[in-house]
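This is coords26.cif. It holds mmCIF, C-alpha atoms.
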data_start
loop_
_atom_site.label_atom_id
_atom_site.label_comp_id
_atom_site.auth_asym_id
_atom_site.auth_seq_id
_atom_site.Cartn_x
_atom_site.Cartn_y
_atom_site.Cartn_z
CA MET Q 252 110.43 141.12 105.86
CA LYS Q 253 108.93 138.50 108.15
CA GLY Q 254 105.48 139.16 106.65
CA ILE Q 255 106.71 138.66 103.13
CA GLY Q 256 108.38 135.41 104.13
CA LYS Q 257 105.13 134.18 105.67
CA ARG Q 258 103.12 135.23 102.63
CA SER Q 259 105.58 133.50 100.30
CA PHE Q 260 105.30 130.38 102.36
CA SER Q 261 101.47 130.54 102.25
CA VAL Q 262 101.44 130.97 98.48
CA LEU Q 263 103.81 128.05 98.04
CA LEU Q 264 101.73 125.93 100.40
CA VAL Q 265 98.52 126.66 98.47
CA PHE Q 266 100.31 125.87 95.21
CA ALA Q 267 101.63 122.59 96.64
CA LEU Q 268 98.13 121.63 97.83
CA LEU Q 269 96.62 122.41 94.42
CA LEU Q 270 99.36 120.37 92.81
CA ALA Q 271 98.70 117.45 95.16
CA CYS Q 272 94.97 117.53 94.31
CA THR Q 273 95.74 117.56 90.62
CA GLN Q 274 98.11 114.61 91.01
CA ALA Q 275 95.34 112.65 92.76
CA ILE Q 276 93.11 113.19 89.72
CA PHE Q 277 95.88 111.81 87.52
CA ALA Q 278 96.22 108.56 89.51
CA GLY Q 279 95.98 105.33 87.51
CA GLY Q 280 97.77 104.07 84.46
CA THR Q 281 98.51 106.35 81.55
CA VAL Q 282 99.11 105.60 77.88
CA THR Q 283 100.68 108.61 76.18
CA TYR Q 284 101.23 108.77 72.46
CA GLN Q 285 104.34 110.92 72.00
CA GLY Q 286 104.65 110.63 68.27
CA ASP Q 287 108.44 110.86 68.31
CA ALA Q 288 110.89 108.00 68.58
CA GLU Q 289 109.30 106.91 71.85
CA LYS Q 290 105.84 106.50 70.24
CA PHE Q 291 103.86 105.10 73.19
CA VAL Q 292 104.85 105.72 76.80
CA PHE Q 293 103.21 103.62 79.51
CA THR Q 294 103.26 104.87 83.08
CA PRO Q 295 103.68 104.35 85.95
CA GLY Q 296 104.96 100.77 85.53
CA SER Q 297 105.65 98.57 88.52
CA GLU Q 298 108.26 96.32 90.04
CA TYR Q 299 106.83 93.53 87.86
CA SER Q 300 106.75 95.33 84.51
CA PRO Q 301 107.97 98.76 83.33
CA THR Q 302 104.84 99.12 81.19
CA ASP Q 303 102.33 98.07 83.85
CA LEU Q 304 99.10 100.14 83.74
CA PHE Q 305 97.33 98.26 86.56
CA THR Q 306 98.28 100.51 89.46
CA ASP Q 307 95.50 99.27 91.77
CA PHE Q 308 95.49 95.55 91.09
CA LYS Q 309 98.33 94.54 93.40
CA GLY Q 310 97.82 92.34 96.45
CA VAL Q 311 94.14 91.83 95.69
CA MET Q 312 92.16 89.58 98.01
CA PRO Q 313 89.25 87.18 97.48
CA GLY Q 314 85.98 89.12 97.36
CA ASP Q 315 87.61 92.34 96.15
CA SER Q 316 86.00 94.39 93.39
CA ILE Q 317 88.37 97.17 92.38
CA THR Q 318 87.97 99.82 89.71
CA GLN Q 319 90.83 101.92 88.39
CA ARG Q 320 91.23 104.01 85.31
CA VAL Q 321 93.65 104.02 82.43
CA GLN Q 322 94.01 107.33 80.68
CA ILE Q 323 94.97 107.49 77.02
CA LYS Q 324 96.41 110.76 75.71
CA ASN Q 325 97.61 112.17 72.43
CA ALA Q 326 100.56 114.31 73.49
CA VAL Q 327 101.75 115.11 69.98
CA SER Q 328 102.09 118.87 69.82
CA ASN Q 329 102.34 119.46 66.09
CA HIS Q 330 98.63 119.29 65.34
CA VAL Q 331 98.56 115.68 64.35
CA LYS Q 332 95.42 113.65 64.81
CA ILE Q 333 95.66 109.96 65.52
CA LYS Q 334 93.32 107.08 65.10
CA LEU Q 335 93.82 104.88 68.11
CA TYR Q 336 93.16 101.17 68.44
CA MET Q 337 93.71 98.59 71.14
CA ARG Q 338 93.58 94.84 71.45
CA ALA Q 339 94.36 92.20 74.07
CA LEU Q 340 97.10 89.68 73.46
CA GLY Q 341 95.98 87.46 76.34
CA ALA Q 342 97.68 86.20 79.44
CA GLY Q 343 101.21 85.01 79.96
CA GLU Q 344 101.40 81.23 80.30
CA ALA Q 345 102.60 81.27 83.90
CA GLY Q 346 99.59 82.99 85.43
CA GLU Q 347 96.90 81.91 83.01
CA ASP Q 348 95.12 79.54 85.40
CA PHE Q 349 95.10 82.22 88.11
CA LEU Q 350 93.78 84.90 85.72
CA SER Q 351 91.04 82.56 84.49
CA LYS Q 352 89.50 82.81 87.98
CA LEU Q 353 89.29 86.62 87.83
CA ARG Q 354 86.86 88.76 85.84
CA LEU Q 355 87.92 91.91 84.07
CA GLN Q 356 85.74 94.62 82.62
CA VAL Q 357 86.99 97.51 80.49
CA VAL Q 358 84.62 100.35 79.74
CA GLN Q 359 85.51 103.31 77.55
CA GLU Q 360 84.17 106.51 79.06
CA GLY Q 361 80.69 107.17 77.75
CA GLU Q 362 80.65 103.95 75.75
CA THR Q 363 79.66 100.35 76.27
CA ALA Q 364 82.04 97.74 77.62
CA LEU Q 365 85.07 97.04 75.43
CA PHE Q 366 85.83 93.87 77.35
CA ASP Q 367 83.91 91.78 79.87
CA ALA Q 368 85.31 88.29 80.39
CA PRO Q 369 87.69 86.17 82.48
CA ALA Q 370 90.98 88.06 82.71
CA ASN Q 371 93.02 85.44 80.85
CA GLN Q 372 90.94 85.75 77.67
CA THR Q 373 91.16 88.15 74.76
CA ALA Q 374 87.37 88.00 74.20
CA GLN Q 375 85.98 91.20 72.63
CA LEU Q 376 89.50 92.63 72.32
CA ASP Q 377 90.77 89.71 70.27
CA ASP Q 378 91.04 91.98 67.22
CA TRP Q 379 91.86 95.70 67.01
CA VAL Q 380 89.12 97.85 68.50
CA TYR Q 381 88.91 101.46 67.36
CA LEU Q 382 88.96 103.84 70.35
CA GLY Q 383 88.47 107.04 68.40
CA THR Q 384 90.27 109.88 66.67
CA PHE Q 385 92.39 111.94 69.02
CA TYR Q 386 93.55 115.44 68.20
CA SER Q 387 96.59 116.99 69.88
CA GLY Q 388 96.04 117.15 73.62
CA ALA Q 389 92.91 114.98 73.62
CA GLN Q 390 92.47 112.14 76.05
CA VAL Q 391 90.01 109.46 77.04
CA ASP Q 392 89.60 107.28 80.10
CA LEU Q 393 89.13 103.55 80.27
CA GLN Q 394 87.50 102.27 83.46
CA VAL Q 395 88.96 98.90 84.36
CA THR Q 396 87.18 96.78 86.97
CA LEU Q 397 88.63 93.63 88.47
CA ASP Q 398 86.42 91.16 90.34
CA VAL Q 399 88.11 88.55 92.51
CA PRO Q 400 85.82 85.66 93.53
CA ILE Q 401 85.51 85.03 97.25
CA GLU Q 402 86.07 81.33 96.53
CA LEU Q 403 89.66 81.89 95.40
CA ASP Q 404 91.61 79.51 97.63
CA ASN Q 405 95.08 79.29 99.16
CA ALA Q 406 96.58 77.92 95.95
CA TYR Q 407 96.34 81.46 94.57
CA GLN Q 408 97.99 83.31 97.48
CA GLU Q 409 100.77 85.63 96.27
CA ALA Q 410 99.92 84.75 92.66
CA VAL Q 411 101.10 86.88 89.73
CA GLY Q 412 99.40 87.16 86.33
CA TYR Q 413 100.43 89.11 83.23
CA ILE Q 414 98.00 90.59 80.71
CA ASP Q 415 99.30 92.16 77.51
CA TRP Q 416 97.43 95.02 75.86
CA GLN Q 417 98.60 96.36 72.53
CA PHE Q 418 97.92 99.89 71.34
CA LYS Q 419 98.20 101.15 67.76
CA ALA Q 420 98.15 104.71 66.49
CA GLU Q 421 97.73 105.90 62.91
CA GLU Q 422 98.86 109.48 62.39
CA PHE Q 423 97.09 111.89 60.07
CA PRO Q 424 97.69 115.58 59.56
CA VAL Q 425 94.89 117.83 60.75
CA GLU Q 426 92.94 119.01 57.71
CA PRO Q 427 91.47 122.50 57.38
CA SER Q 428 88.05 120.83 57.13
CA ASP Q 429 88.51 119.19 60.56
CA PRO Q 430 86.48 120.66 63.38
CA LYS Q 431 88.52 123.09 65.43
CA ALA Q 432 90.12 121.59 68.50
CA PRO Q 433 87.62 118.79 68.99
CA GLN Q 434 88.15 116.68 72.09
CA THR Q 435 87.66 112.98 72.44
CA GLY Q 436 86.78 112.05 75.99
CA VAL Q 437 87.61 114.24 78.93
CA PRO Q 438 88.96 117.71 78.17
CA SER Q 439 92.67 118.15 78.71
CA GLN Q 440 93.94 119.29 82.13
CA MET Q 441 96.30 121.69 80.32
CA GLY Q 442 94.09 124.66 81.20
CA LEU Q 443 94.32 123.87 84.89
CA TRP Q 444 98.10 123.63 84.72
CA CYS Q 445 98.36 126.94 82.86
CA THR Q 446 96.04 128.63 85.38
CA LEU Q 447 98.08 127.31 88.26
CA ALA Q 448 101.30 128.45 86.60
CA TRP Q 449 99.84 131.94 85.99
CA ILE Q 450 98.56 132.23 89.56
CA SER Q 451 101.85 131.16 91.10
CA GLY Q 452 103.88 133.28 88.65
CA GLY Q 453 101.70 136.31 89.41
CA ALA Q 454 102.03 135.77 93.14
CA LEU Q 455 105.82 135.61 92.84
CA VAL Q 456 105.91 138.84 90.77
CA VAL Q 457 103.72 140.67 93.35
CA LEU Q 458 105.91 139.45 96.16
CA GLY Q 459 109.05 140.46 94.26
CA VAL Q 460 107.69 143.96 93.65
CA GLN Q 461 106.69 144.37 97.30
CA LEU Q 462 110.10 143.18 98.43
CA GLY Q 463 111.79 145.60 96.03
CA LYS Q 464 109.66 148.54 97.25
CA ARG Q 465 110.40 147.73 100.86
CA ARG Q 466 114.12 147.50 100.17
CA TYR Q 467 114.00 150.79 98.27
CA ARG Q 468 112.16 152.47 101.16
CA THR Q 469 114.59 151.09 103.71
CA HIS Q 470 117.49 152.25 101.57
CA THR Q 471 116.13 155.80 101.06
CA GLU Q 472 115.10 156.20 104.71
CA GLY Q 473 118.47 154.91 105.86
CA MET D 266 105.55 123.11 24.20
CA LYS D 267 108.54 122.87 26.51
CA GLN D 268 106.89 125.31 28.84
CA LYS D 269 103.66 123.28 28.82
CA CYS D 270 105.62 120.11 29.64
CA PHE D 271 107.36 121.89 32.47
CA VAL D 272 104.07 123.19 33.88
CA LEU D 273 102.52 119.74 33.59
CA SER D 274 105.51 118.14 35.33
CA VAL D 275 105.36 120.65 38.14
CA LEU D 276 101.63 120.12 38.48
CA THR D 277 102.07 116.34 38.53
CA ILE D 278 104.74 116.60 41.24
CA CYS D 279 102.56 118.94 43.29
CA ILE D 280 99.51 116.69 42.96
CA SER D 281 101.62 113.65 43.91
CA LEU D 282 102.99 115.46 46.94
CA ILE D 283 99.51 116.56 48.05
CA ALA D 284 98.17 113.07 47.50
CA SER D 285 100.99 111.46 49.44
CA THR D 286 100.51 113.98 52.26
CA THR D 287 96.83 113.13 52.38
CA LEU D 288 96.98 109.39 51.94
CA SER D 289 100.14 108.27 53.61
CA TYR D 290 100.38 108.14 57.36
CA PHE D 291 102.68 106.89 60.02
CA ASN D 292 101.59 104.27 62.42
CA ALA D 293 103.03 102.85 65.57
CA ASP D 294 102.14 100.12 68.00
CA ASP D 295 103.42 99.09 71.37
CA THR D 296 102.48 96.67 74.12
CA ALA D 297 101.79 97.29 77.78
CA ARG D 298 102.38 94.32 80.06
CA ASN D 299 99.89 94.70 82.90
CA VAL D 300 100.20 92.79 86.13
CA ILE D 301 97.67 91.52 88.66
CA THR D 302 98.89 90.05 91.94
CA THR D 303 97.10 88.59 94.92
CA GLY D 304 97.96 89.18 98.53
CA GLY D 305 98.19 86.55 101.20
CA VAL D 306 97.78 85.83 104.86
CA GLU D 307 100.78 84.79 106.94
CA ILE D 308 101.18 84.28 110.66
CA SER D 309 103.78 83.06 113.12
CA LEU D 310 103.16 81.42 116.47
CA TRP D 311 105.45 82.51 119.27
CA GLU D 312 106.08 80.74 122.61
CA TRP D 313 108.07 82.73 125.14
CA ALA D 314 109.45 81.92 128.58
CA ASP D 315 109.38 85.56 129.74
CA THR D 316 106.89 88.40 129.61
CA ALA D 317 109.25 90.62 127.61
CA GLY D 318 109.16 88.06 124.78
CA THR D 319 112.93 87.70 124.57
CA ILE D 320 113.51 84.14 125.80
CA PRO D 321 112.01 81.40 123.60
CA PHE D 322 110.13 78.74 125.53
CA GLU D 323 111.92 75.42 125.97
CA SER D 324 110.29 72.35 127.45
CA PRO D 325 111.24 72.08 131.13
CA THR D 326 112.10 68.77 132.81
CA ASP D 327 111.58 67.41 136.34
CA VAL D 328 108.49 69.50 136.98
CA MET D 329 106.77 68.59 140.23
CA PRO D 330 102.99 68.55 140.97
CA GLY D 331 101.79 71.97 142.03
CA ALA D 332 104.44 73.76 139.94
CA SER D 333 103.70 76.44 137.37
CA VAL D 334 105.72 77.01 134.24
CA THR D 335 105.74 80.27 132.27
CA LYS D 336 104.75 79.70 128.67
CA ILE D 337 103.45 82.77 126.87
CA VAL D 338 101.74 81.98 123.60
CA GLN D 339 101.09 84.73 121.04
CA VAL D 340 100.36 84.97 117.33
CA GLU D 341 101.97 87.53 115.02
CA ASN D 342 100.62 88.67 111.67
CA THR D 343 103.70 88.43 109.46
CA GLY D 344 101.82 88.96 106.18
CA GLY D 345 100.66 92.05 104.35
CA ASN D 346 96.93 91.80 105.08
CA ALA D 347 94.74 91.94 108.17
CA ALA D 348 93.59 88.55 109.47
CA TRP D 349 91.17 86.90 111.85
CA ILE D 350 92.96 84.49 114.18
CA ARG D 351 91.97 81.32 116.01
CA VAL D 352 94.00 78.70 117.90
CA SER D 353 93.45 75.16 119.01
CA ILE D 354 95.12 73.68 122.08
CA THR D 355 95.77 69.98 122.55
CA LYS D 356 96.96 68.66 125.93
CA ASN D 357 98.37 65.17 126.47
CA ILE D 358 100.03 63.38 129.36
CA THR D 359 101.77 60.08 128.72
CA GLY D 360 102.93 58.01 131.69
CA ALA D 361 106.34 56.40 132.02
CA ASP D 362 104.81 53.11 130.89
CA GLU D 363 103.10 54.77 127.91
CA ASP D 364 99.73 54.99 129.68
CA ILE D 365 97.50 57.84 128.59
CA LEU D 366 96.80 59.94 131.69
CA ASP D 367 94.24 62.66 132.45
CA PRO D 368 95.30 65.80 130.54
CA GLU D 369 92.97 67.97 132.65
CA LEU D 370 95.59 67.89 135.40
CA VAL D 371 97.60 70.26 133.24
CA GLU D 372 95.85 73.63 133.54
CA LEU D 373 96.23 76.73 131.38
CA ASN D 374 95.29 80.24 132.49
CA LEU D 375 93.42 81.12 129.29
CA ASN D 376 93.19 84.83 128.53
CA THR D 377 89.43 85.06 128.07
CA SER D 378 89.52 88.85 127.91
CA TYR D 379 90.85 88.58 124.37
CA TRP D 380 90.12 84.97 123.36
CA THR D 381 86.76 83.17 123.33
CA LEU D 382 86.53 79.40 123.48
CA GLU D 383 83.83 78.20 121.12
CA GLU D 384 82.03 74.85 120.85
CA ASP D 385 84.24 73.78 117.95
CA GLY D 386 87.17 73.76 120.39
CA TYR D 387 88.92 76.79 118.89
CA LEU D 388 89.79 79.96 120.77
CA TYR D 389 88.90 82.97 118.62
CA TYR D 390 90.76 86.27 118.93
CA HIS D 391 88.46 89.22 119.48
CA ALA D 392 90.07 91.69 117.07
CA SER D 393 91.30 91.76 113.51
CA LEU D 394 95.07 91.39 113.58
CA GLU D 395 96.73 94.00 111.35
CA PRO D 396 100.01 93.33 109.54
CA GLY D 397 102.89 93.41 112.02
CA GLU D 398 100.66 93.20 115.08
CA VAL D 399 100.93 90.55 117.79
CA THR D 400 97.95 89.17 119.71
CA GLU D 401 97.52 89.35 123.43
CA PRO D 402 98.77 86.06 124.94
CA VAL D 403 96.49 83.05 124.59
CA PHE D 404 97.77 81.93 128.02
CA THR D 405 100.85 82.66 130.08
CA THR D 406 101.15 79.80 132.56
CA VAL D 407 100.98 76.01 132.53
CA HIS D 408 100.04 74.71 135.98
CA PHE D 409 100.58 71.10 137.09
CA ASP D 410 97.80 70.02 139.44
CA PRO D 411 98.95 68.94 142.91
CA ALA D 412 96.53 66.00 142.55
CA MET D 413 99.02 64.26 140.25
CA ASP D 414 99.97 61.02 142.00
CA ASN D 415 102.65 58.44 141.41
CA ALA D 416 101.08 57.44 138.09
CA TYR D 417 102.39 60.80 136.81
CA LYS D 418 105.96 60.10 137.91
CA ASN D 419 108.33 60.51 134.93
CA ALA D 420 105.33 61.29 132.73
CA THR D 421 105.54 63.56 129.72
CA ALA D 422 103.02 66.37 129.36
CA THR D 423 102.59 68.19 126.06
CA VAL D 424 100.62 71.32 125.29
CA GLU D 425 100.38 71.81 121.53
CA VAL D 426 99.05 75.08 120.16
CA ALA D 427 98.07 75.44 116.50
CA ALA D 428 97.13 78.80 115.07
CA GLN D 429 95.06 79.54 111.97
CA ALA D 430 94.33 82.75 110.12
CA VAL D 431 91.89 83.88 107.48
CA GLN D 432 91.61 87.22 105.68
CA THR D 433 89.63 90.03 107.29
CA ASP D 434 88.84 91.79 103.98
CA ASN D 435 85.37 90.94 102.64
CA ASN D 436 85.02 88.35 105.38
CA GLY D 437 82.63 89.21 108.19
CA VAL D 438 82.81 91.61 111.09
CA CYS D 439 84.46 89.28 113.62
CA ALA D 440 86.41 86.03 113.72
CA LEU D 441 83.25 84.05 114.46
CA ASP D 442 81.57 85.41 111.30
CA ALA D 443 84.55 84.65 109.11
CA GLN D 444 84.47 81.98 106.41
CA GLY D 445 87.26 80.05 104.79
CA TRP D 446 89.18 78.79 107.80
CA PRO D 447 91.75 76.15 106.85
CA GLN D 448 90.47 72.62 107.26
CA ALA D 449 92.02 70.84 110.25
#
Go through the file and emit its structure as structure tokens.
Amino acid sequence: MKGIGKRSFSVLLVFALLLACTQAIFAGGTVTYQGDAEKFVFTPGSEYSPTDLFTDFKGVMPGDSITQRVQIKNAVSNHVKIKLYMRALGAGEAGEDFLSKLRLQVVQEGETALFDAPANQTAQLDDWVYLGTFYSGAQVDLQVTLDVPIELDNAYQEAVGYIDWQFKAEEFPVEPSDPKAPQTGVPSQMGLWCTLAWISGGALVVLGVQLGKRRYRTHTEG
Amino acid sequence: MKQKCFVLSVLTICISLIASTTLSYFNADDTARNVITTGGVEISLWEWADTAGTIPFESPTDVMPGASVTKIVQVENTGGNAAWIRVSITKNITGADEDILDPELVELNLNTSYWTLEEDGYLYYHASLEPGEVTEPVFTTVHFDPAMDNAYKNATATVEVAAQAVQTDNNGVCALDAQGWPQA
């Protein structure tokens, strides 16, 4: 019985470690198109804004150059494809001067830069920019790099700046002529999750069977 | 004829439905409000009258030549980022008749194991001070030279310590390398 307990613990530990690794891959902001009443869901948010995608741009210091990613996903399950667009609405008035000192670059994975300008501007994202057609489960990463000049002085200590990004989705039904399960950007992590679920489920079944056999043996011997 | 009309109507409805399914689409938009914040550097200067750091230093009176007074000076990083630290010390002695007297007769036991006095007059702390950390004392004792004569009777001696900090991130490998110190 002790052995089974230990083995169960080991399996759970391995599963927890795998889960932790997977979570690390998912770090960064996420834009999920749900397609239902919620439409877009922005995570993780922050104490400053519930829709904040800039997970790594807090407490930045002069001379910092930080890159984080923003993942965009089509989570609609009913085989709907979406055309996705984004644009920048600019900076909030309060932090505009501060943001004008910083440089922001947004690069869509495998593409050229979508935006490369002072952070307060709308620049190349002034109008809607087409990000691609996303089938159910597809996702793409944006790499966002923030450069803080070393010359930023004490006037900008503990400064806060807001940048609004707008996303738009147009839904279309998947046509029979569409390529089968095409992926835009990085393939979905769904496979990994399913594999992990199968492995852990299988391990639990094996353990259950072993436990049952042992109990049966103990019962019959007794 | 009626049957033909019916078939045509049904066909028209079907074609309309197919067309609407193909052409019409839903769309949605939403806005993410993203936030960038900067950090900061914050320090506090502490002067204690005991080694445990529980009794704040208060200026003593009626100190005689040859006496030593405990004054433990430390700097604490009260901000959220690591910082390089430096301090400047200004000594003054003013006689009872407002004469300016020799400040060198007030001696400090500077802690040169952790602080280095540079040509610019500042004492630089050897290590980067992490958030929440406190430096080793700059000095712990103020000694009044026995050579003080009657000119120093009822005089007032002051030892002023000013501390400065600058970020460690992206800013050199030691306090002496660091740029961006506040202007005096």
Skipping near chain neighbours, those fewer than 5 positions away, what residues fall within 6 Å of stretch 315-321 of chain Q using only C-alpha atoms, listed as a compact mmCIF listing (two decimals) with C-alpha atoms, in the coordinates of the input?
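The resulting file, out19.txt, is reproduced below:
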# COMPACT_ATOMS: atom_id res chain seq x y z
CA GLY Q 279 95.98 105.33 87.51
CA GLY Q 280 97.77 104.07 84.46
CA THR Q 281 98.51 106.35 81.55
CA ASP Q 392 89.60 107.28 80.10
CA LEU Q 393 89.13 103.55 80.27
CA GLN Q 394 87.50 102.27 83.46
CA VAL Q 395 88.96 98.90 84.36
CA THR Q 396 87.18 96.78 86.97
CA LEU Q 397 88.63 93.63 88.47
CA ASP Q 398 86.42 91.16 90.34
CA VAL Q 399 88.11 88.55 92.51
Which residues, named as in the file, does the PyMOL selection byres ((chain Q) within 6 of (chain D)) pick out? Answer as a list of chain:residue names.
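For this structure, the PyMOL selection byres ((chain Q) within 6 of (chain D)) resolves to Q:Thr302, Q:Asp303, Q:Leu304, Q:Phe305, Q:Phe308, Q:Lys309, Q:Gly310, Q:Val311, Q:Met312, Q:Gly314, Q:Gln408, Q:Glu409, Q:Ala410, Q:Val411, Q:Gly412, Q:Tyr413, Q:Ile414, Q:Asp415, Q:Trp416, Q:Gln417, Q:Phe418, Q:Lys419, Q:Ala420, Q:Glu421, Q:Glu422, Q:Phe423.
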Just-selected residues, C-alpha atoms written as a PDB file, in the coordinates of the input:
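What ended up in selection-v1.pdb:
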ATOM      1  CA  THR Q 302     104.840  99.120  81.190  1.00  0.00           C
ATOM      2  CA  ASP Q 303     102.330  98.070  83.850  1.00  0.00           C
ATOM      3  CA  LEU Q 304      99.100 100.140  83.740  1.00  0.00           C
ATOM      4  CA  PHE Q 305      97.330  98.260  86.560  1.00  0.00           C
ATOM      5  CA  PHE Q 308      95.490  95.550  91.090  1.00  0.00           C
ATOM      6  CA  LYS Q 309      98.330  94.540  93.400  1.00  0.00           C
ATOM      7  CA  GLY Q 310      97.820  92.340  96.450  1.00  0.00           C
ATOM      8  CA  VAL Q 311      94.140  91.830  95.690  1.00  0.00           C
ATOM      9  CA  MET Q 312      92.160  89.580  98.010  1.00  0.00           C
ATOM     10  CA  GLY Q 314      85.980  89.120  97.360  1.00  0.00           C
ATOM     11  CA  GLN Q 408      97.990  83.310  97.480  1.00  0.00           C
ATOM     12  CA  GLU Q 409     100.770  85.630  96.270  1.00  0.00           C
ATOM     13  CA  ALA Q 410      99.920  84.750  92.660  1.00  0.00           C
ATOM     14  CA  VAL Q 411     101.100  86.880  89.730  1.00  0.00           C
ATOM     15  CA  GLY Q 412      99.400  87.160  86.330  1.00  0.00           C
ATOM     16  CA  TYR Q 413     100.430  89.110  83.230  1.00  0.00           C
ATOM     17  CA  ILE Q 414      98.000  90.590  80.710  1.00  0.00           C
ATOM     18  CA  ASP Q 415      99.300  92.160  77.510  1.00  0.00           C
ATOM     19  CA  TRP Q 416      97.430  95.020  75.860  1.00  0.00           C
ATOM     20  CA  GLN Q 417      98.600  96.360  72.530  1.00  0.00           C
ATOM     21  CA  PHE Q 418      97.920  99.890  71.340  1.00  0.00           C
ATOM     22  CA  LYS Q 419      98.200 101.150  67.760  1.00  0.00           C
ATOM     23  CA  ALA Q 420      98.150 104.710  66.490  1.00  0.00           C
ATOM     24  CA  GLU Q 421      97.730 105.900  62.910  1.00  0.00           C
ATOM     25  CA  GLU Q 422      98.860 109.480  62.390  1.00  0.00           C
ATOM     26  CA  PHE Q 423      97.090 111.890  60.070  1.00  0.00           C
TER      27      PHE Q 423
END
With a distance cut-off of 8 Å and only C-alpha atoms, select the neighbouring residues of D:Leu366, excluding the residue or stretch itself and same-chain residues fewer than 5 positions from it, and output the selection as number ranges by chain.
D: 357-360, 417
Write a file of the just-selected residues containing C-alpha atoms, as a PDB file, in the coordinates of the input.
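Generated file (part-v7.pdb):
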ATOM      1  CA  ASN D 357      98.370  65.170 126.470  1.00  0.00           C
ATOM      2  CA  ILE D 358     100.030  63.380 129.360  1.00  0.00           C
ATOM      3  CA  THR D 359     101.770  60.080 128.720  1.00  0.00           C
ATOM      4  CA  GLY D 360     102.930  58.010 131.690  1.00  0.00           C
ATOM      5  CA  TYR D 417     102.390  60.800 136.810  1.00  0.00           C
TER       6      TYR D 417
END
Convert the output of the PyMOL selection byres ((chain Q and resi 348) around 12) on the shown file into explicit residues, formatted as a list in words.
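The output of the PyMOL selection byres ((chain Q and resi 348) around 12) on this file is Ala342, Gly343, Glu344, Ala345, Gly346, Glu347, Phe349, Leu350, Ser351, Lys352, Leu353, Pro369, Ala370, Asn371, Gln372, Leu403, Ala406, Tyr407, Ala410, Val411, Gly412 and Tyr413 of chain Q.
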Residues near D:Asp442, cut-off 12 Å, all atoms listed in the file, skip fewer than 4 positions along chain, as a list in words
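The neighbour list is Trp349, Ile350, Tyr389, Tyr390, His391, Ser393, Val431, Gln432, Thr433, Asn435, Asn436, Gly437, Val438 and Trp446 of chain D.
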For D:Tyr387, please output as a ChimeraX atom specification all residues within 12 Å (counting only C-alpha atoms; exclusion window: fewer than 2 positions along the same chain).
/D:350-355,380-385,389-390,403,426-430,440-441,446,449
Within 7 Å of Q:Phe385, counting only C-alpha atoms, which residues show up once you throw out same-chain ones fewer than 2 positions away? Write them as a PyMOL selection string, please.
chain Q and resi 325+332-334+383+387+389+435
Let's have the selection written as a tab-separated table (two decimals), in the coordinates of the input, with C-alpha atoms.
chain	number	residue	atom	x	y	z
Q	325	ASN	CA	97.61	112.17	72.43
Q	332	LYS	CA	95.42	113.65	64.81
Q	333	ILE	CA	95.66	109.96	65.52
Q	334	LYS	CA	93.32	107.08	65.10
Q	383	GLY	CA	88.47	107.04	68.40
Q	387	SER	CA	96.59	116.99	69.88
Q	389	ALA	CA	92.91	114.98	73.62
Q	435	THR	CA	87.66	112.98	72.44
Take atom CA of D:Lys336 and atom CA of D:Asp364 and report the distance between them in Å, one decimal.
25.2 Å
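As for atom CA of Q:Val282 and atom CA of Q:Lys324, they are spaced 6.2 Å apart.
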Answer key for the PyMOL selection byres ((chain D and resi 414) around 12), residues as a VMD selection string
chain D and resid 329 to 331 360 366 to 367 370 409 to 413 415 to 420
Using all atoms listed in the file for the distances, tell me which of Q:Met337, Q:Gly286, Q:Ser428, Q:Pro313 is nearest to Q:Trp379.
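Going through Q:Met337, Q:Gly286, Q:Ser428, Q:Pro313 one by one, the smallest distance to Q:Trp379 is for Q:Met337.
Going from atom CA of D:Thr316 to atom CA of D:Thr335 covers 8.6 Å.
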Closest of D:Thr405, D:Ala347, D:Glu425, D:Cys439 to D:Gly318 - atom-to-atom distances counting all atoms listed in the file:
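Among the listed residues, D:Thr405 lies closest to D:Gly318.
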